[in-house]
$ cat run-v8.cif   # mmCIF, C-alpha atoms
data_data
loop_
_atom_site.label_atom_id
_atom_site.label_comp_id
_atom_site.auth_asym_id
_atom_site.auth_seq_id
_atom_site.Cartn_x
_atom_site.Cartn_y
_atom_site.Cartn_z
CA MET A 1 -56.30 -69.33 -44.40
CA LYS A 2 -53.99 -66.30 -44.27
CA PRO A 3 -54.31 -64.03 -41.21
CA ASN A 4 -55.68 -60.52 -41.66
CA VAL A 5 -52.97 -57.83 -41.90
CA ASN A 6 -53.68 -54.27 -40.68
CA THR A 7 -52.24 -52.31 -43.53
CA SER A 8 -52.85 -49.01 -41.68
CA GLU A 9 -49.73 -49.58 -39.52
CA ARG A 10 -47.39 -49.72 -42.47
CA GLY A 11 -44.91 -46.76 -42.68
CA GLN A 12 -45.02 -45.82 -38.98
CA ALA A 13 -41.33 -46.56 -38.57
CA ILE A 14 -40.50 -43.97 -41.22
CA VAL A 15 -42.48 -41.31 -39.31
CA LEU A 16 -40.71 -42.20 -36.06
CA LEU A 17 -37.36 -42.12 -37.79
CA ALA A 18 -38.13 -38.69 -39.26
CA VAL A 19 -39.20 -37.31 -35.90
CA GLY A 20 -36.15 -38.83 -34.24
CA PHE A 21 -33.91 -37.38 -36.92
CA VAL A 22 -35.29 -33.90 -36.33
CA MET A 23 -34.83 -34.25 -32.59
CA LEU A 24 -31.31 -35.59 -33.07
CA LEU A 25 -30.53 -32.71 -35.40
CA GLY A 26 -31.84 -30.28 -32.80
CA PHE A 27 -29.67 -31.74 -30.05
CA THR A 28 -26.67 -31.76 -32.38
CA ALA A 29 -27.33 -28.15 -33.33
CA LEU A 30 -27.66 -27.24 -29.65
CA ALA A 31 -24.38 -28.92 -28.83
CA ILE A 32 -22.40 -27.50 -31.74
CA ASP A 33 -23.96 -24.09 -32.14
CA GLY A 34 -24.50 -23.64 -28.40
CA GLY A 35 -20.76 -24.06 -27.93
CA MET A 36 -20.16 -21.51 -30.69
CA VAL A 37 -22.55 -19.03 -29.03
CA TYR A 38 -20.82 -19.52 -25.67
CA ALA A 39 -17.34 -19.09 -27.14
CA ASP A 40 -18.41 -15.95 -29.01
CA ARG A 41 -19.97 -14.53 -25.85
CA ARG A 42 -16.75 -14.99 -23.93
CA GLN A 43 -14.82 -13.31 -26.73
CA ALA A 44 -17.30 -10.44 -26.88
CA GLN A 45 -17.20 -9.98 -23.09
CA ASN A 46 -13.41 -9.87 -23.10
CA ALA A 47 -13.54 -7.30 -25.89
CA ALA A 48 -16.08 -5.19 -24.00
CA ASP A 49 -14.04 -5.35 -20.77
CA SER A 50 -10.89 -4.32 -22.60
CA ALA A 51 -12.69 -1.51 -24.45
CA ALA A 52 -14.21 -0.13 -21.24
CA LEU A 53 -10.80 -0.04 -19.53
CA ALA A 54 -9.28 1.66 -22.58
CA ALA A 55 -12.03 4.29 -22.47
CA ALA A 56 -11.50 4.84 -18.74
CA LEU A 57 -7.77 5.34 -19.25
CA ALA A 58 -8.47 7.82 -22.05
CA ILE A 59 -10.88 9.75 -19.79
CA VAL A 60 -8.35 10.23 -16.98
CA ASN A 61 -5.70 11.23 -19.55
CA GLY A 62 -8.02 13.75 -21.24
CA GLN A 63 -8.11 11.81 -24.53
CA ASP A 64 -10.86 10.66 -26.92
CA TRP A 65 -12.59 7.97 -24.86
CA SER A 66 -14.96 6.85 -27.65
CA ALA A 67 -12.14 6.33 -30.15
CA ALA A 68 -10.08 4.48 -27.54
CA ALA A 69 -12.93 2.05 -26.82
CA LEU A 70 -13.77 1.46 -30.50
CA ASN A 71 -10.12 0.90 -31.40
CA ARG A 72 -9.67 -1.62 -28.62
CA ALA A 73 -12.88 -3.47 -29.58
CA ASN A 74 -11.70 -3.57 -33.19
CA THR A 75 -8.38 -5.03 -32.08
CA ASN A 76 -10.36 -7.83 -30.44
CA GLY A 77 -12.47 -8.62 -33.51
CA TYR A 78 -15.48 -6.28 -33.18
CA ASP A 79 -15.20 -3.50 -35.76
CA ASN A 80 -18.63 -1.86 -35.25
CA ASN A 81 -19.62 -2.46 -38.88
CA GLY A 82 -23.35 -2.29 -38.09
CA VAL A 83 -24.03 -5.58 -39.84
CA THR A 84 -22.37 -8.39 -37.92
CA ASN A 85 -21.59 -6.40 -34.78
CA THR A 86 -22.32 -3.11 -33.07
CA VAL A 87 -20.14 -1.44 -30.43
CA GLN A 88 -21.79 1.25 -28.30
CA VAL A 89 -19.84 3.47 -25.91
CA PHE A 90 -21.59 5.67 -23.31
CA TYR A 91 -19.93 8.19 -21.02
CA PRO A 92 -21.55 8.46 -18.59
CA PRO A 93 -23.42 5.13 -18.78
CA ALA A 94 -26.86 5.26 -20.38
CA SER A 95 -28.40 2.48 -18.29
CA GLY A 96 -27.90 0.38 -15.18
CA GLN A 97 -26.91 1.34 -11.66
CA TYR A 98 -24.19 3.75 -12.85
CA ALA A 99 -26.40 5.62 -15.35
CA GLY A 100 -25.48 9.31 -15.42
CA ASP A 101 -22.45 8.90 -13.12
CA THR A 102 -19.48 10.70 -14.69
CA GLU A 103 -16.97 8.46 -12.93
CA TYR A 104 -18.04 5.50 -15.10
CA VAL A 105 -18.02 4.53 -18.78
CA GLN A 106 -20.16 1.80 -20.40
CA VAL A 107 -19.48 -0.41 -23.43
CA ILE A 108 -22.15 -2.62 -25.03
CA ILE A 109 -21.34 -5.07 -27.83
CA ILE A 110 -24.08 -6.76 -29.89
CA ALA A 111 -22.69 -9.46 -32.18
CA ASP A 112 -24.21 -11.98 -34.62
CA VAL A 113 -23.01 -15.53 -34.19
CA ASP A 114 -22.22 -17.74 -37.20
CA THR A 115 -24.05 -21.04 -36.75
CA ALA A 116 -23.84 -24.41 -38.50
CA LEU A 117 -27.04 -26.33 -37.82
CA ILE A 118 -29.40 -24.45 -35.58
CA HIS A 119 -31.24 -22.75 -38.47
CA PHE A 120 -32.62 -26.09 -39.54
CA VAL A 121 -34.83 -25.90 -36.47
CA TYR A 122 -34.77 -22.15 -35.58
CA SER A 123 -35.24 -19.25 -37.99
CA GLY A 124 -34.55 -16.25 -35.69
CA PRO A 125 -31.31 -14.30 -35.27
CA VAL A 126 -28.57 -15.65 -33.03
CA GLN A 127 -26.89 -12.78 -31.21
CA ASN A 128 -24.85 -12.09 -28.11
CA THR A 129 -25.27 -8.87 -26.15
CA VAL A 130 -22.61 -8.12 -23.53
CA GLU A 131 -21.89 -5.12 -21.34
CA ALA A 132 -18.87 -3.79 -19.43
CA VAL A 133 -18.62 -0.81 -17.07
CA ALA A 134 -15.32 0.69 -15.93
CA ARG A 135 -14.62 3.36 -13.35
CA ALA A 136 -12.58 6.36 -14.44
CA LYS A 137 -11.88 8.50 -11.40
CA PRO A 138 -9.53 11.38 -12.26
CA GLY A 139 -6.61 12.30 -10.06
CA SER A 140 -7.49 14.53 -7.15
CA VAL A 141 -6.19 16.07 -3.95
CA GLY A 142 -7.35 14.37 -0.77
CA PRO A 143 -6.38 12.95 2.63
CA LEU A 144 -3.81 10.18 2.87
CA PHE A 145 -5.29 6.67 3.13
CA ASN A 146 -8.94 7.71 3.03
CA GLY A 147 -8.48 10.06 5.96
CA ASP A 148 -8.03 7.38 8.62
CA ALA A 149 -6.42 8.73 11.78
CA ILE A 150 -4.24 5.67 12.50
CA VAL A 151 -2.70 3.72 9.62
CA GLY A 152 -0.50 0.61 9.84
CA LEU A 153 0.93 -0.11 6.37
CA LYS A 154 2.73 -3.43 6.89
CA PRO A 155 1.16 -5.76 4.28
CA ASP A 156 1.38 -8.99 6.30
CA GLY A 157 1.87 -10.38 9.78
CA CYS A 158 0.18 -9.98 13.15
CA ASP A 159 -0.27 -6.90 15.34
CA VAL A 160 0.18 -4.37 12.54
CA VAL A 161 -2.18 -2.20 14.58
CA TRP A 162 -2.78 -3.26 18.15
CA LYS A 163 -4.31 -1.73 21.24
CA HIS A 164 -3.40 -2.77 24.78
CA GLY A 165 -2.83 -1.31 28.23
CA ASN A 166 -5.13 0.53 30.59
CA SER A 167 -5.67 3.64 28.52
CA LYS A 168 -9.12 4.67 27.40
CA THR A 169 -8.51 5.62 23.78
CA THR A 170 -10.94 7.52 21.57
CA VAL A 171 -10.35 8.19 17.87
CA THR A 172 -12.59 10.95 16.49
CA GLY A 173 -12.89 12.31 12.97
CA GLY A 174 -11.23 9.34 11.28
CA GLY A 175 -10.94 5.58 11.52
CA ILE A 176 -8.18 3.00 11.92
CA TRP A 177 -6.62 1.18 8.95
CA THR A 178 -4.77 -2.13 9.26
CA ASN A 179 -3.14 -3.09 5.96
CA SER A 180 -1.99 -6.61 6.88
CA ASN A 181 -3.64 -9.54 5.13
CA ASP A 182 -3.06 -11.96 8.00
CA PRO A 183 -6.41 -13.75 8.40
CA ASN A 184 -6.20 -14.14 12.18
CA CYS A 185 -4.40 -11.28 13.89
CA ALA A 186 -3.68 -8.36 11.55
CA PHE A 187 -5.46 -6.14 14.09
CA ARG A 188 -5.23 -7.10 17.75
CA TYR A 189 -7.25 -5.71 20.64
CA VAL A 190 -6.38 -6.50 24.26
CA GLY A 191 -9.04 -4.96 26.46
CA GLY A 192 -9.25 -5.45 30.20
CA ALA A 193 -9.14 -2.14 32.04
CA GLY A 194 -8.51 -0.24 28.82
CA SER A 195 -10.86 0.55 25.95
CA LEU A 196 -10.90 1.73 22.35
CA SER A 197 -13.70 3.79 20.83
CA VAL A 198 -14.11 4.85 17.20
CA PRO A 199 -17.44 6.69 16.91
CA ALA A 200 -19.55 6.28 13.76
CA PRO A 201 -19.46 6.91 10.88
CA HIS A 202 -15.81 5.86 11.08
CA SER A 203 -14.63 2.31 11.67
CA ILE A 204 -11.69 -0.04 12.15
CA ASN A 205 -10.82 -1.42 8.71
CA VAL A 206 -8.75 -4.59 8.49
CA VAL A 207 -7.49 -6.20 5.27
CA GLY A 208 -7.11 -9.54 7.04
CA GLY A 209 -8.69 -10.56 10.34
CA ALA A 210 -8.94 -9.23 13.88
CA SER A 211 -8.10 -10.84 17.22
CA TYR A 212 -9.72 -9.92 20.55
CA SER A 213 -9.07 -10.68 24.20
CA GLY A 214 -10.51 -9.04 27.30
CA GLY A 215 -13.42 -7.56 25.39
CA THR A 216 -13.99 -5.87 22.05
CA PRO A 217 -13.56 -2.27 20.89
CA ASP A 218 -16.49 0.12 20.83
CA ALA A 219 -16.37 0.43 17.06
CA THR A 220 -17.50 -1.17 13.83
CA VAL A 221 -14.78 -3.56 12.66
CA VAL A 222 -14.72 -4.26 8.92
CA GLU A 223 -12.62 -7.25 7.85
CA GLY A 224 -11.63 -8.06 4.27
CA ALA A 225 -10.90 -4.45 3.28
CA PRO A 226 -8.97 -3.89 0.02
CA GLN A 227 -5.23 -3.68 0.55
CA PHE A 228 -3.09 -0.61 -0.13
CA PRO A 229 0.09 -1.42 -2.08
CA TYR A 230 3.32 -1.26 -0.12
CA PRO A 231 5.39 0.83 -0.76
CA PRO A 232 2.48 3.25 -1.01
CA LEU A 233 1.44 4.48 -4.45
CA VAL A 234 0.68 7.85 -2.89
CA ASP A 235 3.95 9.12 -1.59
CA ILE A 236 5.33 12.50 -0.58
CA VAL A 237 8.16 14.24 -2.39
CA GLU A 238 11.08 14.36 0.00
CA PRO A 239 11.72 17.92 1.20
CA THR A 240 15.01 19.70 0.60
CA CYS A 241 16.68 22.37 2.68
CA SER A 242 18.79 24.87 0.77
CA GLY A 243 20.92 26.19 3.60
CA GLU A 244 22.20 25.41 7.07
CA ALA A 245 20.05 25.86 10.15
CA SER A 246 21.43 28.28 12.74
CA TRP A 247 21.11 28.29 16.49
CA ASP A 248 20.62 31.49 18.47
CA PRO A 249 21.50 30.73 22.11
CA ALA A 250 20.23 34.13 23.25
CA THR A 251 16.65 33.24 22.30
CA ASN A 252 16.99 29.44 22.20
CA THR A 253 15.68 29.57 18.64
CA LEU A 254 16.68 27.30 15.76
CA SER A 255 16.17 28.62 12.24
CA PRO A 256 15.10 26.31 9.38
CA GLY A 257 17.61 24.42 7.24
CA ASN A 258 19.96 21.44 7.39
CA TRP A 259 20.96 20.26 10.86
CA SER A 260 23.24 17.40 11.85
CA GLY A 261 23.86 17.96 15.57
CA ASN A 262 21.75 16.91 18.54
CA PHE A 263 18.11 17.63 17.83
CA PRO A 264 16.73 19.67 19.38
CA PRO A 265 19.96 21.48 20.27
CA ASP A 266 18.85 22.62 23.72
CA ARG A 267 16.49 21.48 26.48
CA ASP A 268 14.41 24.59 25.83
CA THR A 269 14.10 25.14 22.08
CA THR A 270 11.87 27.17 19.79
CA LEU A 271 11.72 26.27 16.10
CA ALA A 272 11.24 29.18 13.73
CA PRO A 273 8.69 28.53 10.94
CA GLY A 274 10.06 26.49 8.04
CA ILE A 275 11.49 23.08 7.09
CA PHE A 276 14.16 21.33 9.16
CA CYS A 277 16.21 18.57 7.47
CA ILE A 278 17.75 16.44 10.23
CA THR A 279 20.63 14.04 9.43
CA ASP A 280 22.96 11.75 11.36
CA THR A 281 21.06 11.98 14.62
CA ASP A 282 17.94 10.87 16.46
CA PHE A 283 15.11 13.17 17.49
CA ARG A 284 14.90 12.88 21.26
CA LEU A 285 12.97 14.87 23.84
CA ASN A 286 13.77 13.90 27.42
CA ALA A 287 12.04 14.64 30.70
CA ASN A 288 11.58 18.38 31.37
CA ASP A 289 12.59 19.30 27.80
CA THR A 290 10.49 21.93 26.04
CA LEU A 291 10.03 22.19 22.27
CA VAL A 292 7.80 24.74 20.54
CA GLY A 293 7.34 25.06 16.80
CA ASN A 294 4.50 26.42 14.69
CA ASP A 295 4.30 26.22 10.89
CA VAL A 296 7.15 23.69 10.82
CA LEU A 297 8.05 20.46 9.04
CA ILE A 298 10.66 18.22 10.63
CA TYR A 299 12.18 15.92 8.02
CA MET A 300 14.31 13.04 9.27
CA ALA A 301 16.39 12.91 6.09
CA ALA A 302 18.48 9.88 7.05
CA GLY A 303 15.88 7.93 8.97
CA GLY A 304 16.70 7.76 12.64
CA ASN A 305 14.66 7.08 15.74
CA ILE A 306 12.28 9.50 17.45
CA HIS A 307 11.53 9.38 21.17
CA TRP A 308 9.34 11.92 22.91
CA SER A 309 9.28 11.49 26.69
CA GLY A 310 6.07 11.68 28.66
CA GLN A 311 7.68 14.32 30.89
CA ALA A 312 8.51 16.67 27.99
CA GLU A 313 6.33 19.63 27.03
CA ILE A 314 5.85 19.69 23.25
CA THR A 315 3.89 22.13 21.12
CA LEU A 316 4.25 21.39 17.41
CA ALA A 317 2.08 22.34 14.45
CA GLY A 318 2.77 21.42 10.82
CA ARG A 319 3.14 23.65 7.81
CA SER A 320 0.27 26.09 7.36
CA SER A 321 0.57 26.54 3.59
CA GLY A 322 2.44 25.46 0.47
CA GLU A 323 3.38 22.01 -0.86
CA TYR A 324 3.64 20.43 2.60
CA LYS A 325 0.62 22.05 4.18
CA GLY A 326 -0.55 19.96 7.14
CA LEU A 327 2.64 17.84 7.34
CA LEU A 328 4.41 17.90 10.73
CA LEU A 329 6.94 15.03 10.79
CA TYR A 330 8.27 13.04 7.83
CA VAL A 331 10.70 10.14 8.25
CA ALA A 332 12.66 9.39 5.06
CA HIS A 333 11.42 6.35 3.20
CA GLN A 334 14.70 5.09 1.71
CA ASN A 335 14.31 1.99 3.91
CA TYR A 336 11.39 0.43 2.01
CA ALA A 337 13.69 -2.51 1.23
CA SER A 338 14.02 -3.25 4.97
CA PRO A 339 11.11 -1.56 6.77
CA GLY A 340 10.59 -1.73 10.52
CA ASN A 341 14.16 -0.68 11.36
CA CYS A 342 13.25 2.67 12.91
CA ARG A 343 11.07 3.46 15.90
CA LEU A 344 8.90 6.43 16.77
CA THR A 345 7.73 6.66 20.38
CA ILE A 346 5.14 9.28 21.29
CA ASN A 347 4.60 9.69 25.00
CA GLY A 348 3.62 13.33 25.33
CA SER A 349 2.39 14.91 28.52
CA ALA A 350 -0.98 16.49 29.23
CA ASP A 351 0.57 19.86 28.34
CA SER A 352 1.65 18.75 24.85
CA THR A 353 -0.05 19.67 21.59
CA PHE A 354 0.47 18.09 18.16
CA VAL A 355 -1.18 19.29 14.95
CA GLY A 356 -0.44 17.78 11.51
CA THR A 357 0.36 14.47 9.86
CA ILE A 358 3.11 12.27 11.26
CA TYR A 359 4.29 10.23 8.26
CA ALA A 360 6.72 7.40 9.02
CA PRO A 361 5.85 4.59 6.56
CA THR A 362 8.88 2.42 7.42
CA CYS A 363 8.82 2.94 11.21
CA ASP A 364 7.20 1.08 14.07
CA ILE A 365 5.16 3.64 16.03
CA SER A 366 4.41 3.32 19.74
CA PHE A 367 1.73 5.76 20.83
CA LEU A 368 1.80 5.66 24.61
CA GLY A 369 0.60 9.07 25.74
CA CYS A 370 -0.62 12.40 24.46
CA ALA A 371 -2.31 15.61 25.38
CA GLU A 372 -5.71 15.53 26.99
CA ASN A 373 -8.80 17.12 25.49
CA THR A 374 -8.03 18.17 21.90
CA GLY A 375 -4.23 18.26 22.12
CA PHE A 376 -3.42 15.48 19.64
CA ARG A 377 -4.78 16.49 16.25
CA SER A 378 -2.59 14.38 14.00
CA GLN A 379 -2.77 11.51 11.56
CA LEU A 380 -0.39 8.66 12.46
CA VAL A 381 1.00 6.71 9.49
CA GLY A 382 3.55 3.99 10.27
CA TYR A 383 4.71 0.52 9.28
CA THR A 384 3.08 -0.76 12.47
CA VAL A 385 1.22 1.21 15.15
CA GLU A 386 0.99 0.22 18.82
CA VAL A 387 -1.47 2.08 21.05
CA GLY A 388 -0.96 1.45 24.75
CA GLY A 389 0.12 2.82 28.10
CA ASP A 390 -1.91 3.88 31.10
CA THR A 391 -2.77 7.45 30.10
CA ASP A 392 -6.06 8.13 28.40
CA LEU A 393 -5.48 8.89 24.73
CA ASP A 394 -7.64 11.09 22.55
CA ILE A 395 -6.97 11.47 18.84
CA PHE A 396 -8.83 14.15 16.93
CA TYR A 397 -8.37 14.00 13.16
CA ASP A 398 -9.36 16.95 10.99
CA ALA A 399 -8.48 16.77 7.28
CA ASP A 400 -8.07 20.55 7.15
CA GLU A 401 -5.25 20.36 9.72
CA ASN A 402 -3.45 17.40 8.14
CA TYR A 403 -1.63 16.68 4.91
CA GLU A 404 -3.52 16.14 1.68
CA ALA A 405 -1.75 14.43 -1.21
CA ASP A 406 -2.09 14.30 -4.96
CA LEU A 407 -4.10 11.10 -5.37
CA PRO A 408 -3.53 9.14 -8.61
CA PRO A 409 -6.37 8.37 -11.03
CA GLU A 410 -8.34 5.20 -10.32
CA ILE A 411 -9.25 2.82 -13.14
CA GLU A 412 -11.12 -0.39 -12.43
CA LEU A 413 -13.57 -2.73 -14.10
CA THR A 414 -16.77 -2.71 -12.07
CA LYS A 415 -19.10 -4.79 -14.26
#

$ encode --input "run-v8.cif" --output "structure tokens"
Amino acid sequence: MKPNVNTSERGQAIVLLAVGFVMLLGFTALAIDGGMVYADRRQAQNAADSAALAAALAIVNGQDWSAAALNRANTNGYDNNGVTNTVQVFYPPASGQYAGDTEYVQVIIIADVDTALIHFVYSGPVQNTVEAVARAKPGSVGPLFNGDAIVGLKPDGCDVVWKHGNSKTTVTGGGIWTNSNDPNCAFRYVGGAGSLSVPAPHSINVVGGASYSGGTPDATVVEGAPQFPYPPLVDIVEPTCSGEASWDPATNTLSPGNWSGNFPPDRDTTLAPGIFCITDTDFRLNANDTLVGNDVLIYMAAGGNIHWSGQAEITLAGRSSGEYKGLLLYVAHQNYASPGNCRLTINGSADSTFVGTIYAPTCDISFLGCAENTGFRSQLVGYTVEVGGDTDLDIFYDADENYEADLPPEIELTK
């Protein structure tokens, strides 16, 4: 007798094969078309980034920002035809955290993706939507290096700014900037009997890392700050002096102009208002010397060293108006190729007063003494800056009393 056969099970393999085929097709479509979607998204994002930067550049140059963005997107394959892709440009941004902020521009690209297999299992549109935001900050006039009172510009190495000695040092009105990217000792603090205070809201900013011994400063220390380029992008046009300076021995007064002799020319000297271009000599003030100058700029045109003794009485205030308003001392920067080969030593007495920016970007600065109370009202900018000695040091920075530069436009991709 033949066994009974359940005919209802016939054809099940075909159903399983069909289901498996659909699943296999789906996975294949996901692999192939998913890769296409990913590749198109990367291309669209690159196009949006490039378009946003082009728009930002056009904004700071006073050009047509919308046309610049659309042209750049078109160059990268997105022609804003309204069918396969749309390019939207918003200035200021229409959405997100920068919405309404006129320092930013937003580009959004919506693009259809050509697919091979996915529509066998999915009937909806396949699109990529990407966004880019760029900052377009126009050029402006503002303090050098964010208005920090002490700035060490050397881009690498240890002890670019360092504090030691027994002095109690307070920096008010500005912070401290250390431009070195050394991860361990760009900024060094040696405490002990001395101290360093930078009251809030200002701080000690370090591109690299900080090193401490004998305590820590009374300040917020921020590591990992963005680095300023060196040589600096913001630089100062070198002054010129049209005539020769003249010395009046009857009044011990030196008039502005070019000077190549000993500077200052006498132990008791008054500088008349103006610009002094000093060449072929150092700038030295010895014990018991007196130097007074208001509304002056001293330009060390050929570099040279500066040494101000702690026993000298110095009263100097920078230019009160014009192109160099707020600038007191400027050391020529022709030595960017070999920085650190000049030295500026400030060791003023309690009777000394300094007002205005001291700009010596290739010099090592040693700040070892200054006037008490509010006598030192300067911004110190050097290759390296050492703060030490045994005399209490107070630095009061006021942007209105110091040099402000033409700051270049800032363009950066933020999203």

$ closest_atom_pairs --input "run-v8.cif" --of "region 228-290 of chain A" --to "region 154-176 of chain A" --cutoff "12 Å" --atoms "only C-alpha atoms" --output "JSON lines"
{"residue": "A:Phe228", "atom": "CA", "partner": "A:Pro155", "partner_atom": "CA", "distance": 8.0}
{"residue": "A:Pro229", "atom": "CA", "partner": "A:Pro155", "partner_atom": "CA", "distance": 7.8}
{"residue": "A:Tyr230", "atom": "CA", "partner": "A:Pro155", "partner_atom": "CA", "distance": 6.7}
{"residue": "A:Pro231", "atom": "CA", "partner": "A:Lys154", "partner_atom": "CA", "distance": 9.2}
{"residue": "A:Pro232", "atom": "CA", "partner": "A:Lys154", "partner_atom": "CA", "distance": 10.3}

$ resolve_selection --input "run-v8.cif" --expression "the PyMOL selection byres ((chain A and resi 261) around 10)" --output "number ranges by chain"
A: 258-260, 262-265, 278-282

$ residues_around --input "run-v8.cif" --residues "Ser309 (chain A)" --least-positions-apart "2" --cutoff "7 Å" --atoms "all atoms listed in the file" --output "PyMOL selection string"
chain A and resi 285-287+307+311-312+347-348

$ resolve_selection --input "run-v8.cif" --expression "the PyMOL selection byres ((chain A and resi 244) around 9)" --output "ChimeraX atom specification"
/A:241-243,245-246,255-259

$ resolve_selection --input "run-v8.cif" --expression "the PyMOL selection byres ((chain A and resi 182) around 9)" --output "list in words"
Pro155, Asp156, Gly157, Cys158, Ser180, Asn181, Pro183, Asn184, Cys185, Ala186, Phe187, Val207, Gly208, Gly209 and Ala210 of chain A

$ residues_around --input "run-v8.cif" --residues "Leu316 (chain A)" --least-positions-apart "6" --cutoff "6 Å" --atoms "all atoms listed in the file" --output "list in words"
Val292, Gly293, Asn294 and Phe354 of chain A

$ atom_distance --input "run-v8.cif" --atom1 "CA of Asn85 (chain A)" --atom2 "CA of Ala134 (chain A)"
21.1 Å

$ closest_residue --input "run-v8.cif" --among "A:Leu271, A:Val222, A:Met36, A:Ala149" --to "Thr251 (chain A)" --atoms "all atoms listed in the file"
A:Leu271

$ axis_aligned_box --input "run-v8.cif" --around "region 58-72 of chain A" --padding-each-side "5 Å" --output "AutoDock Vina command-line options"
--center_x -10.3 --center_y 6.1 --center_z -24.2 --size_x 19.3 --size_y 25.4 --size_z 24.4

$ closest_residue --input "run-v8.cif" --among "A:Ala99, A:Val234, A:Leu413, A:Ala73" --to "Val133 (chain A)" --atoms "all atoms listed in the file"
A:Leu413

$ atom_distance --input "run-v8.cif" --atom1 "CA of Pro339 (chain A)" --atom2 "CA of Asn179 (chain A)"
14.4 Å

$ atom_distance --input "run-v8.cif" --atom1 "CA of Asn46 (chain A)" --atom2 "CA of Gly62 (chain A)"
24.3 Å

$ residues_around --input "run-v8.cif" --residues "Tyr98 (chain A)" --least-positions-apart "6" --cutoff "10 Å" --atoms "all atoms listed in the file" --output "list in words"
Pro92, Tyr104, Val105, Gln106, Val133, Ala134, Arg135 and Thr414 of chain A
